[in-house]
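Undergrad: Handing over run_14.txt, compact mmCIF, C-alpha atoms.
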# COMPACT_ATOMS: atom_id res chain seq x y z
CA MET A 1 139.49 -36.99 -33.55
CA ASN A 2 141.28 -34.68 -31.14
CA CYS A 3 139.71 -32.93 -28.15
CA LYS A 4 139.25 -29.62 -29.98
CA GLN A 5 137.27 -31.27 -32.74
CA ALA A 6 135.39 -33.31 -30.18
CA LYS A 7 134.25 -30.20 -28.30
CA THR A 8 132.68 -28.83 -31.46
CA GLN A 9 130.91 -32.11 -32.09
CA LEU A 10 129.81 -32.41 -28.45
CA ALA A 11 128.20 -28.98 -28.60
CA LEU A 12 126.08 -30.24 -31.50
CA LEU A 13 125.43 -33.59 -29.85
CA ILE A 14 123.71 -32.13 -26.78
CA GLY A 15 121.03 -30.48 -28.95
CA ASN A 16 120.59 -33.44 -31.31
CA ASP A 17 122.17 -31.39 -34.08
CA LEU A 18 125.03 -33.76 -34.81
CA GLU A 19 125.13 -35.50 -38.17
CA PRO A 20 124.42 -39.22 -37.66
CA CYS A 21 127.59 -40.16 -39.51
CA ALA A 22 129.72 -38.34 -36.89
CA LEU A 23 128.01 -39.90 -33.89
CA GLN A 24 130.05 -43.08 -33.62
CA GLU A 25 133.36 -41.24 -33.87
CA VAL A 26 132.34 -38.91 -31.06
CA ARG A 27 131.27 -41.84 -28.87
CA ASN A 28 134.62 -43.52 -29.45
CA HIS A 29 136.44 -40.38 -28.37
CA LEU A 30 134.29 -39.98 -25.27
CA ALA A 31 134.97 -43.54 -24.21
CA GLU A 32 138.65 -42.77 -23.83
CA CYS A 33 138.71 -39.03 -22.83
CA VAL A 34 137.78 -38.00 -19.28
CA GLY A 35 138.12 -34.28 -20.05
CA CYS A 36 135.62 -34.43 -22.92
CA ARG A 37 133.17 -36.38 -20.79
CA GLN A 38 133.42 -33.62 -18.21
CA HIS A 39 132.94 -31.01 -20.90
CA LEU A 40 129.85 -32.81 -22.16
CA LYS A 41 128.34 -32.70 -18.70
CA GLN A 42 128.93 -28.96 -18.37
CA LEU A 43 127.53 -28.32 -21.84
CA SER A 44 124.36 -30.22 -20.95
CA SER A 45 123.90 -28.22 -17.74
CA ALA A 46 124.37 -24.92 -19.60
CA LEU A 47 121.89 -25.95 -22.28
CA GLU A 48 119.33 -26.88 -19.64
CA VAL A 49 119.62 -23.39 -18.14
CA LEU A 50 119.39 -21.79 -21.56
CA GLN A 51 116.14 -23.59 -22.29
CA SER A 52 114.41 -22.16 -19.23
CA PRO A 53 110.91 -20.87 -20.11
CA PRO A 54 110.62 -17.30 -21.38
CA ARG A 55 108.63 -14.62 -19.67
CA SER A 56 104.92 -14.95 -20.16
CA TRP A 57 102.97 -12.93 -22.66
CA ASN A 58 99.34 -13.42 -23.50
CA PRO A 59 98.59 -12.33 -27.06
CA GLU A 60 94.87 -12.99 -26.63
CA HIS A 61 94.62 -9.83 -24.55
CA GLU A 62 97.49 -7.87 -26.10
CA SER A 63 97.35 -8.73 -29.77
CA VAL A 64 99.08 -6.35 -32.15
CA TRP A 65 96.35 -6.87 -34.76
CA PRO A 66 93.94 -4.08 -33.67
CA LYS A 67 96.63 -1.41 -33.97
CA LEU A 68 98.04 -2.98 -37.08
CA SER A 69 94.67 -3.17 -38.84
CA ALA A 70 94.10 0.49 -38.01
CA ARG A 71 97.42 1.36 -39.61
CA LEU A 72 96.61 -0.72 -42.65
CA ALA A 73 93.26 1.04 -42.97
CA SER A 74 94.98 4.42 -43.24
CA PRO A 75 95.39 5.46 -46.89
CA THR A 76 99.20 5.63 -46.77
CA ALA A 77 99.78 2.36 -44.93
CA ASP A 78 100.12 0.07 -47.92
CA GLN A 79 102.23 2.50 -49.89
CA LYS A 80 105.94 2.04 -49.96
CA PRO A 81 107.81 4.95 -48.46
CA HIS A 82 109.18 7.21 -51.14
CA ARG A 83 112.87 6.84 -51.80
CA LEU A 84 113.49 10.48 -50.90
CA SER A 85 111.11 10.65 -47.95
CA GLY A 86 113.99 10.15 -45.53
CA TRP A 87 115.76 13.18 -47.04
CA ALA A 88 112.72 15.46 -46.84
CA PRO A 89 113.74 17.29 -43.62
CA SER A 90 117.29 17.85 -44.90
CA LEU A 91 116.02 19.08 -48.25
CA ALA A 92 113.59 21.45 -46.54
CA VAL A 93 116.37 22.92 -44.38
CA ALA A 94 118.65 23.29 -47.41
CA ALA A 95 115.88 25.06 -49.35
CA ALA A 96 115.23 27.39 -46.43
CA CYS A 97 118.96 28.22 -46.18
CA LEU A 98 119.15 28.90 -49.91
CA GLY A 99 116.11 31.17 -49.68
CA MET A 100 117.60 33.12 -46.80
CA PHE A 101 120.91 33.40 -48.63
CA TRP A 102 119.14 34.72 -51.72
CA VAL A 103 117.18 37.32 -49.73
CA VAL A 104 120.24 38.50 -47.78
CA SER A 105 122.50 38.64 -50.84
CA SER A 106 119.92 40.55 -52.91
CA GLN A 107 119.44 43.06 -50.11
CA TRP A 108 123.19 43.43 -49.70
CA SER A 109 123.72 44.01 -53.41
CA SER A 110 120.98 46.66 -53.47
CA ASP A 111 122.76 48.41 -50.56
CA ARG A 112 126.00 48.34 -52.49
CA ALA A 113 124.45 49.69 -55.67
CA PRO A 114 125.09 53.44 -54.97
CA LEU A 115 128.73 52.71 -54.19
CA SER A 116 129.48 50.93 -57.40
CA GLY A 117 127.00 52.91 -59.42
CA GLY A 118 128.84 56.17 -58.66
CA ILE A 119 131.87 55.06 -60.60
CA GLU A 120 131.47 55.20 -64.30
CA LEU A 121 134.50 54.17 -66.24
CA GLN A 122 135.04 56.05 -69.42
CA ALA A 123 135.93 54.23 -72.56
CA GLN A 124 139.58 54.88 -73.23
CA PRO A 125 141.84 54.06 -76.13
CA ILE A 126 144.04 51.06 -75.60
CA GLY A 127 147.34 51.93 -74.02
CA GLN A 128 146.07 54.83 -71.97
CA PRO A 129 145.21 54.50 -68.31
CA PRO A 130 141.54 54.83 -67.58
CA SER A 131 140.45 58.17 -66.25
CA PHE A 132 137.29 59.02 -64.48
CA ASP A 133 135.59 62.05 -63.19
CA ARG A 134 136.74 62.69 -59.67
CA GLY A 135 133.38 64.15 -58.84
CA SER A 136 131.70 60.87 -59.52
CA LEU A 137 133.75 59.11 -56.85
CA PRO A 138 131.76 58.19 -53.84
CA ASN A 139 132.50 59.77 -50.55
CA PRO A 140 135.43 57.90 -48.98
CA ASN A 141 133.45 58.07 -45.80
CA GLY A 142 130.73 56.26 -47.65
CA PHE A 143 128.89 54.65 -44.80
CA GLU A 144 128.61 57.93 -42.97
CA SER A 145 127.48 59.84 -46.02
CA ARG A 146 124.82 57.34 -46.98
CA ARG A 147 123.42 57.17 -43.48
CA ARG A 148 120.42 59.42 -42.99
CA ARG A 149 121.55 61.94 -40.47
CA SER A 150 119.38 64.10 -38.30
CA PRO A 151 120.08 67.81 -38.49
CA HIS A 152 121.09 67.95 -34.83
CA GLU A 153 123.42 65.01 -34.99
CA PRO A 154 127.06 66.08 -34.85
CA SER A 155 129.19 65.06 -37.72
CA ALA A 156 131.95 62.55 -37.36
CA THR A 157 134.48 65.20 -38.02
CA ASP A 158 134.34 68.24 -35.86
CA PRO A 159 135.37 71.19 -38.01
CA SER A 160 136.25 73.22 -34.97
CA SER A 161 138.85 70.84 -33.65
CA GLY A 162 139.68 68.97 -36.79
CA LYS A 163 139.54 65.69 -34.85
CA SER A 164 137.17 62.87 -35.53
CA ASP A 165 134.66 61.63 -32.99
CA ILE A 166 136.84 58.68 -32.29
CA MET A 167 139.87 60.79 -31.63
CA ARG A 168 137.93 63.05 -29.34
CA PHE A 169 136.47 60.06 -27.59
CA ARG A 170 139.90 58.62 -27.04
CA GLY A 171 141.19 61.94 -25.87
CA SER A 172 138.40 62.62 -23.41
CA SER A 173 137.01 59.40 -22.03
CA ALA A 174 139.22 56.43 -22.71
CA ILE A 175 142.27 58.14 -21.24
CA PRO A 176 140.95 60.86 -18.99
CA VAL A 177 143.12 63.90 -18.88
CA VAL A 178 143.78 64.88 -15.30
CA PRO A 179 144.82 68.50 -14.91
CA VAL A 180 148.18 68.67 -13.23
CA ALA A 181 148.48 71.39 -10.68
CA GLU A 182 151.58 73.46 -11.06
CA PRO A 183 153.86 73.40 -8.06
CA SER A 184 153.41 76.47 -5.97
CA HIS A 185 156.48 78.34 -5.21
CA MET B 1 114.39 -31.79 -38.12
CA SER B 2 112.11 -29.00 -39.27
CA ASP B 3 108.83 -28.76 -37.46
CA PRO B 4 106.14 -26.90 -39.41
CA GLU B 5 103.81 -26.99 -36.42
CA LEU B 6 106.13 -24.57 -34.66
CA TYR B 7 104.84 -21.85 -36.91
CA THR B 8 101.19 -22.46 -36.26
CA SER B 9 99.21 -21.63 -33.19
CA SER B 10 96.64 -23.82 -31.52
CA PRO B 11 94.11 -25.53 -33.79
CA GLN B 12 91.30 -23.70 -32.01
CA GLN B 13 92.56 -20.39 -33.33
CA GLU B 14 90.53 -18.86 -36.14
CA GLY B 15 91.74 -19.79 -39.57
CA ALA B 16 94.22 -22.38 -38.35
CA ALA B 17 92.82 -24.83 -40.88
CA LEU B 18 93.97 -22.67 -43.78
CA SER B 19 97.52 -23.12 -44.91
CA ASP B 20 100.01 -20.28 -44.75
CA ALA B 21 100.42 -20.39 -48.52
CA ARG B 22 96.67 -19.89 -49.06
CA LEU B 23 96.49 -17.06 -46.55
CA VAL B 24 99.53 -15.36 -48.04
CA GLU B 25 97.99 -15.61 -51.50
CA GLU B 26 94.78 -14.05 -50.24
CA ALA B 27 96.66 -11.32 -48.39
CA ARG B 28 98.67 -10.50 -51.50
CA ARG B 29 95.39 -9.89 -53.29
CA GLY B 30 94.51 -7.35 -50.62
CA ASN B 31 92.42 -9.53 -48.32
CA ARG B 32 93.13 -7.99 -44.93
CA ASP B 33 91.15 -10.63 -43.07
CA ALA B 34 93.50 -13.28 -44.39
CA PHE B 35 96.44 -11.17 -43.31
CA GLY B 36 94.84 -10.80 -39.89
CA VAL B 37 94.74 -14.57 -39.52
CA LEU B 38 98.43 -14.74 -40.41
CA VAL B 39 99.22 -12.04 -37.86
CA GLN B 40 97.34 -13.81 -35.11
CA ARG B 41 98.99 -17.07 -36.06
CA TYR B 42 102.53 -15.76 -35.85
CA GLU B 43 102.48 -12.84 -33.42
CA ARG B 44 102.91 -14.87 -30.24
CA ARG B 45 106.08 -16.51 -31.42
CA LEU B 46 107.39 -13.40 -33.16
CA VAL B 47 107.03 -11.26 -30.04
CA ARG B 48 108.63 -13.98 -27.93
CA VAL B 49 111.62 -14.22 -30.28
CA LEU B 50 112.08 -10.45 -30.46
CA LEU B 51 111.76 -10.28 -26.70
CA ARG B 52 114.86 -12.44 -26.48
CA PHE B 53 116.83 -9.65 -28.14
CA VAL B 54 115.34 -6.44 -26.75
CA SER B 55 114.18 -7.43 -23.22
CA ASP B 56 111.29 -4.95 -23.33
CA LEU B 57 107.79 -6.24 -24.01
CA GLU B 58 106.36 -3.00 -25.38
CA LEU B 59 109.33 -2.54 -27.69
CA ALA B 60 109.07 -6.16 -28.84
CA LYS B 61 105.38 -5.64 -29.64
CA ASP B 62 106.15 -2.43 -31.55
CA LEU B 63 108.85 -4.22 -33.54
CA ALA B 64 106.46 -7.10 -34.23
CA GLN B 65 103.84 -4.66 -35.48
CA GLU B 66 106.41 -3.02 -37.73
CA THR B 67 107.50 -6.46 -38.96
CA PHE B 68 103.96 -7.37 -40.03
CA LEU B 69 103.46 -4.02 -41.67
CA ARG B 70 106.69 -4.36 -43.60
CA ALA B 71 105.76 -7.89 -44.63
CA TYR B 72 102.39 -6.64 -45.89
CA VAL B 73 104.01 -3.85 -47.90
CA ARG B 74 106.65 -6.21 -49.33
CA PHE B 75 104.45 -9.12 -50.24
CA ASP B 76 105.53 -8.62 -53.86
CA GLN B 77 109.08 -9.63 -52.82
CA TYR B 78 107.92 -12.85 -51.16
CA ASP B 79 108.66 -16.07 -53.03
CA PRO B 80 105.60 -18.34 -52.64
CA ALA B 81 107.81 -21.37 -53.24
CA ARG B 82 109.40 -20.74 -49.83
CA ARG B 83 107.76 -20.89 -46.45
CA PHE B 84 106.24 -17.78 -45.00
CA GLY B 85 107.53 -18.26 -41.43
CA PRO B 86 111.29 -17.90 -42.02
CA TRP B 87 110.66 -14.97 -44.38
CA LEU B 88 108.62 -13.17 -41.73
CA PHE B 89 111.11 -13.90 -38.97
CA ARG B 90 113.96 -12.68 -41.15
CA ILE B 91 112.22 -9.32 -41.47
CA GLY B 92 111.63 -9.23 -37.72
CA VAL B 93 115.18 -10.17 -36.75
CA ASN B 94 116.69 -7.68 -39.21
CA LEU B 95 114.43 -4.91 -37.92
CA THR B 96 115.43 -5.72 -34.37
CA PHE B 97 119.13 -5.72 -35.17
CA ASP B 98 118.76 -2.38 -36.97
CA HIS B 99 117.07 -1.01 -33.88
CA LEU B 100 119.84 -2.34 -31.62
CA ARG B 101 122.54 -0.87 -33.86
CA ARG B 102 120.86 2.53 -33.78
CA LYS B 103 120.63 2.24 -30.02
CA ARG B 104 124.32 1.41 -29.76
CA ARG B 105 125.14 4.49 -31.85
CA ARG B 106 123.20 6.55 -29.35
CA GLY B 107 125.26 4.88 -26.64
CA LYS B 108 125.48 7.78 -24.26
CA TRP B 109 121.69 8.07 -24.16
CA SER B 110 121.09 4.37 -23.74
CA VAL B 111 123.30 4.46 -20.67
CA PHE B 112 120.63 6.54 -18.94
CA THR B 113 117.68 4.55 -20.27
CA ASP B 114 119.35 1.30 -19.24
CA TYR B 115 119.89 2.77 -15.83
CA TRP B 116 116.21 3.53 -15.40
CA ASN B 117 115.15 0.23 -16.92
CA SER B 118 117.54 -1.79 -14.84
CA GLY B 119 116.54 -3.57 -11.70
CA SER B 120 117.38 -2.72 -8.15
CA THR B 121 120.26 -0.31 -7.65
CA ASP B 122 119.80 -0.18 -3.93
CA PRO B 123 123.27 0.11 -2.39
CA GLU B 124 122.03 -1.92 0.54
CA VAL B 125 122.07 -4.95 -1.70
CA ALA B 126 125.59 -6.30 -1.40
CA ASP B 127 125.51 -8.59 -4.41
CA PRO B 128 122.95 -7.66 -7.11
CA ARG B 129 123.17 -11.19 -8.50
CA VAL B 130 121.27 -12.41 -5.47
CA GLU B 131 118.23 -10.51 -6.72
CA LEU B 132 118.38 -12.02 -10.20
CA ASP B 133 116.47 -15.09 -11.19
CA THR B 134 117.81 -17.66 -13.59
CA ARG B 135 116.26 -15.99 -16.62
CA GLN B 136 117.98 -12.69 -15.85
CA GLU B 137 121.26 -14.47 -15.21
CA VAL B 138 120.97 -16.14 -18.59
CA GLU B 139 120.25 -12.80 -20.27
CA LEU B 140 123.32 -11.24 -18.68
CA VAL B 141 125.55 -14.07 -19.83
CA LEU B 142 124.02 -14.05 -23.31
CA LYS B 143 124.89 -10.39 -23.70
CA GLN B 144 128.55 -11.36 -23.52
CA VAL B 145 128.23 -13.71 -26.48
CA PRO B 146 128.96 -11.97 -29.83
CA GLU B 147 125.81 -11.12 -31.76
CA LYS B 148 126.17 -13.55 -34.67
CA TYR B 149 126.62 -16.47 -32.28
CA ARG B 150 124.01 -15.27 -29.81
CA THR B 151 121.39 -15.03 -32.55
CA VAL B 152 121.86 -18.66 -33.52
CA LEU B 153 121.85 -19.75 -29.90
CA VAL B 154 118.63 -17.89 -29.14
CA LEU B 155 116.82 -19.14 -32.23
CA ARG B 156 117.91 -22.76 -31.78
CA ASP B 157 118.05 -23.39 -28.05
CA MET B 158 115.58 -20.86 -26.73
CA GLU B 159 113.03 -20.75 -29.54
CA ASN B 160 113.50 -24.24 -30.94
CA PHE B 161 113.96 -23.33 -34.60
CA SER B 162 115.73 -25.99 -36.61
CA THR B 163 119.13 -25.26 -38.11
CA SER B 164 117.60 -25.24 -41.60
CA GLU B 165 115.02 -22.67 -40.49
CA ILE B 166 117.72 -20.53 -38.90
CA ALA B 167 119.69 -20.75 -42.13
CA ALA B 168 116.62 -19.42 -43.97
CA ILE B 169 116.01 -16.66 -41.43
CA LEU B 170 119.62 -15.45 -41.39
CA ASN B 171 120.24 -16.14 -45.07
CA ARG B 172 123.27 -18.35 -44.39
CA LYS B 173 124.23 -21.90 -45.28
CA GLU B 174 123.14 -24.56 -42.84
CA ALA B 175 126.75 -25.67 -42.36
CA THR B 176 127.62 -22.14 -41.25
CA ILE B 177 124.73 -22.17 -38.80
CA ARG B 178 125.85 -25.51 -37.34
CA TRP B 179 129.39 -24.24 -36.85
CA ARG B 180 128.17 -21.05 -35.22
CA LEU B 181 125.82 -23.05 -33.03
CA ALA B 182 128.65 -25.25 -31.75
CA GLU B 183 130.82 -22.21 -31.08
CA ALA B 184 127.94 -20.41 -29.37
CA ARG B 185 127.13 -23.32 -27.06
CA ASN B 186 130.76 -23.65 -26.04
CA MET B 187 131.03 -19.89 -25.44
CA PHE B 188 127.88 -19.85 -23.35
CA GLN B 189 129.06 -22.84 -21.31
CA ARG B 190 132.39 -21.17 -20.53
CA LEU B 191 130.73 -17.87 -19.57
CA TRP B 192 128.05 -19.59 -17.52
CA VAL B 193 130.59 -21.61 -15.55
CA LYS B 194 132.62 -18.46 -14.99
CA ARG B 195 129.61 -16.48 -13.76
CA GLN B 196 128.37 -19.18 -11.47
CA GLY B 197 131.86 -19.83 -10.12
CA MET B 198 131.26 -23.49 -10.68
CA ALA B 199 134.26 -25.66 -9.88
CA PRO B 200 134.73 -28.52 -12.32
CA SER B 201 133.39 -31.63 -10.69
CA THR B 202 135.24 -34.92 -10.85
CA ASP B 203 132.35 -37.27 -11.36
CA GLU B 204 131.84 -38.44 -14.89
CA LYS B 205 128.82 -38.80 -17.01
CA VAL B 206 128.68 -41.44 -19.63
CA ALA B 207 127.91 -40.20 -23.09
CA PRO B 208 124.40 -40.96 -24.30
When written as structure tokens, how does the structure in this file appear?
TA:
Amino acid sequence: MNCKQAKTQLALLIGNDLEPCALQEVRNHLAECVGCRQHLKQLSSALEVLQSPPRSWNPEHESVWPKLSARLASPTADQKPHRLSGWAPSLAVAAACLGMFWVVSSQWSSDRAPLSGGIELQAQPIGQPPSFDRGSLPNPNGFESRRRRSPHEPSATDPSSGKSDIMRFRGSSAIPVVPVAEPSH
Amino acid sequence: MSDPELYTSSPQQEGAALSDARLVEEARRGNRDAFGVLVQRYERRLVRVLLRFVSDLELAKDLAQETFLRAYVRFDQYDPARRFGPWLFRIGVNLTFDHLRRKRRRGKWSVFTDYWNSGSTDPEVADPRVELDTRQEVELVLKQVPEKYRTVLVLRDMENFSTSEIAAILNRKEATIRWRLAEARNMFQRLWVKRQGMAPSTDEKVAP
């Protein structure tokens, strides 16, 4: 037996966990090894510290049974938790997201209906490009045309100037035009 | 090496005369009084064991309560040919380890809770170790021992379970438990000597 093997056996010896058949071999090694005798002493001291009494707790005054019996008395206590019960919050959130998606998408498609509904493709013989009535095309400025406009609201395109609101805005406010005084002669 | 009396409380306690097997059988049939006797028989030791791992009495009691509840719900999985004690403690130890793993995953939060739960942080105290008693010193050193070794060390040397009982609790072979126990004792000895700054003495002690 070498010292490495002896240290394993010594660690079992101090707690009376060593197999009886290994005891004599360990004793023989200890008789001739100073280092292992020293190790045995340190192991014994460490074990003594480890076996110090635990903190006190008095179950007579703090028994878990009253709370436990109350839980057992509840109708769901002795039922096993359902396999999917842990997923319930996630499933609920997913269902809510799907519901919101359905509501939003249905509303969006109803908003788009006049745009797509205005185009009616005519059945054409094969080989000819499809033609459609130009009058059925939606207004290219669709969003503006579909928006309910008050009679006093100016249109996006000013017929007098021929410029759009945006162009006028850019021309008047974003880059203010400063009148340049002509040099006096 | 196994000591069945370790699982039982004092003889004066109600129902101590009934065997575990009889009480378990009654509890499986829905007799809550029988289960109550089992709870009162094992709770002291269960809480004490769990307290070795979580260092918080209220948490240990909550985990013990959860352990008993789980045992009650899973009585159909219990093999009556085996002893009730190791089966119960296996549930308790597994629950506690699950809790500790979850806590480790929430590491950044436990840093704050550990701070508030820790002892004196008074900067006036030059060496905090002065304020610690032996039990706290042991807990600090034990935390440095890897979990699978620490568990065996706690159950054997601090709670006096036999190696065969530990094998049943941890669902391992007894030879594995013995090997881990030897490793754990050597680890603890090295760490303890290091913490205490103990210089190796020259006097010898004759082997028993």
Undergrad: What does the distance from CA of Phe53 (chain B) to CA of Thr67 (chain B) come to in Å, to one decimal?
TA: 14.6 Å
Undergrad: Identify all chain B residues at most 6 Å from chain A by counting all atoms listed in the file; ligands do not count. Present them as a ChimeraX atom specification.
TA: /B:44,73,158,182,185,189
Undergrad: One decimal, in Å: what's the spacing between CA of Val37 (chain B) and CA of Leu170 (chain B)?
TA: 25.0 Å
Undergrad: Which value, in Å to one decimal, gives the distance between CA of Arg135 (chain B) and CA of Arg45 (chain B)?
TA: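 So the two atoms, CA of Arg135 (chain B) and CA of Arg45 (chain B), lie 18.0 Å apart.
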Undergrad: Neighbours of Lys61 (chain B) within 9 Å (all atoms listed in the file; same-chain residues fewer than 5 positions away dropped), as a PDB file with C-alpha atoms, keeping the file's coordinate frame?
TA:
ATOM      1  CA  GLU A  62      97.490  -7.870 -26.100  1.00  0.00           C
ATOM      2  CA  SER A  63      97.350  -8.730 -29.770  1.00  0.00           C
ATOM      3  CA  VAL A  64      99.080  -6.350 -32.150  1.00  0.00           C
TER       4      VAL A  64
ATOM      5  CA  GLU B  43     102.480 -12.840 -33.420  1.00  0.00           C
ATOM      6  CA  LEU B  46     107.390 -13.400 -33.160  1.00  0.00           C
ATOM      7  CA  VAL B  47     107.030 -11.260 -30.040  1.00  0.00           C
ATOM      8  CA  LEU B  50     112.080 -10.450 -30.460  1.00  0.00           C
ATOM      9  CA  LEU B  51     111.760 -10.280 -26.700  1.00  0.00           C
ATOM     10  CA  ASP B  56     111.290  -4.950 -23.330  1.00  0.00           C
ATOM     11  CA  GLU B  66     106.410  -3.020 -37.730  1.00  0.00           C
TER      12      GLU B  66
END
Undergrad: Quick one: residues within 10 Å of Ile166 (chain B), only C-alpha atoms counted, chain neighbours fewer than 5 positions away excluded, as a list in words?
TA: Pro86, Phe89, Arg90, Thr151, Val152, Leu153, Leu155, Arg156, Asn160, Phe161, Asn171, Arg172, Lys173, Glu174, Ile177 and Arg178 of chain B
Undergrad: Nearest to Glu159 (chain B) among B:Val49, B:Val54, B:Leu63, B:Ala27, with distances taken over only C-alpha atoms: which residue is it?
TA: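 The answer is B:Val49, which sits nearest to Glu159 (chain B).
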Undergrad: Quick one: of A:Ala94, A:Cys21, A:Ala70, A:Ala6, who's nearest to Arg32 (chain B), counting all atoms listed in the file?
TA: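 Among the listed residues, A:Ala70 lies closest to Arg32 (chain B).
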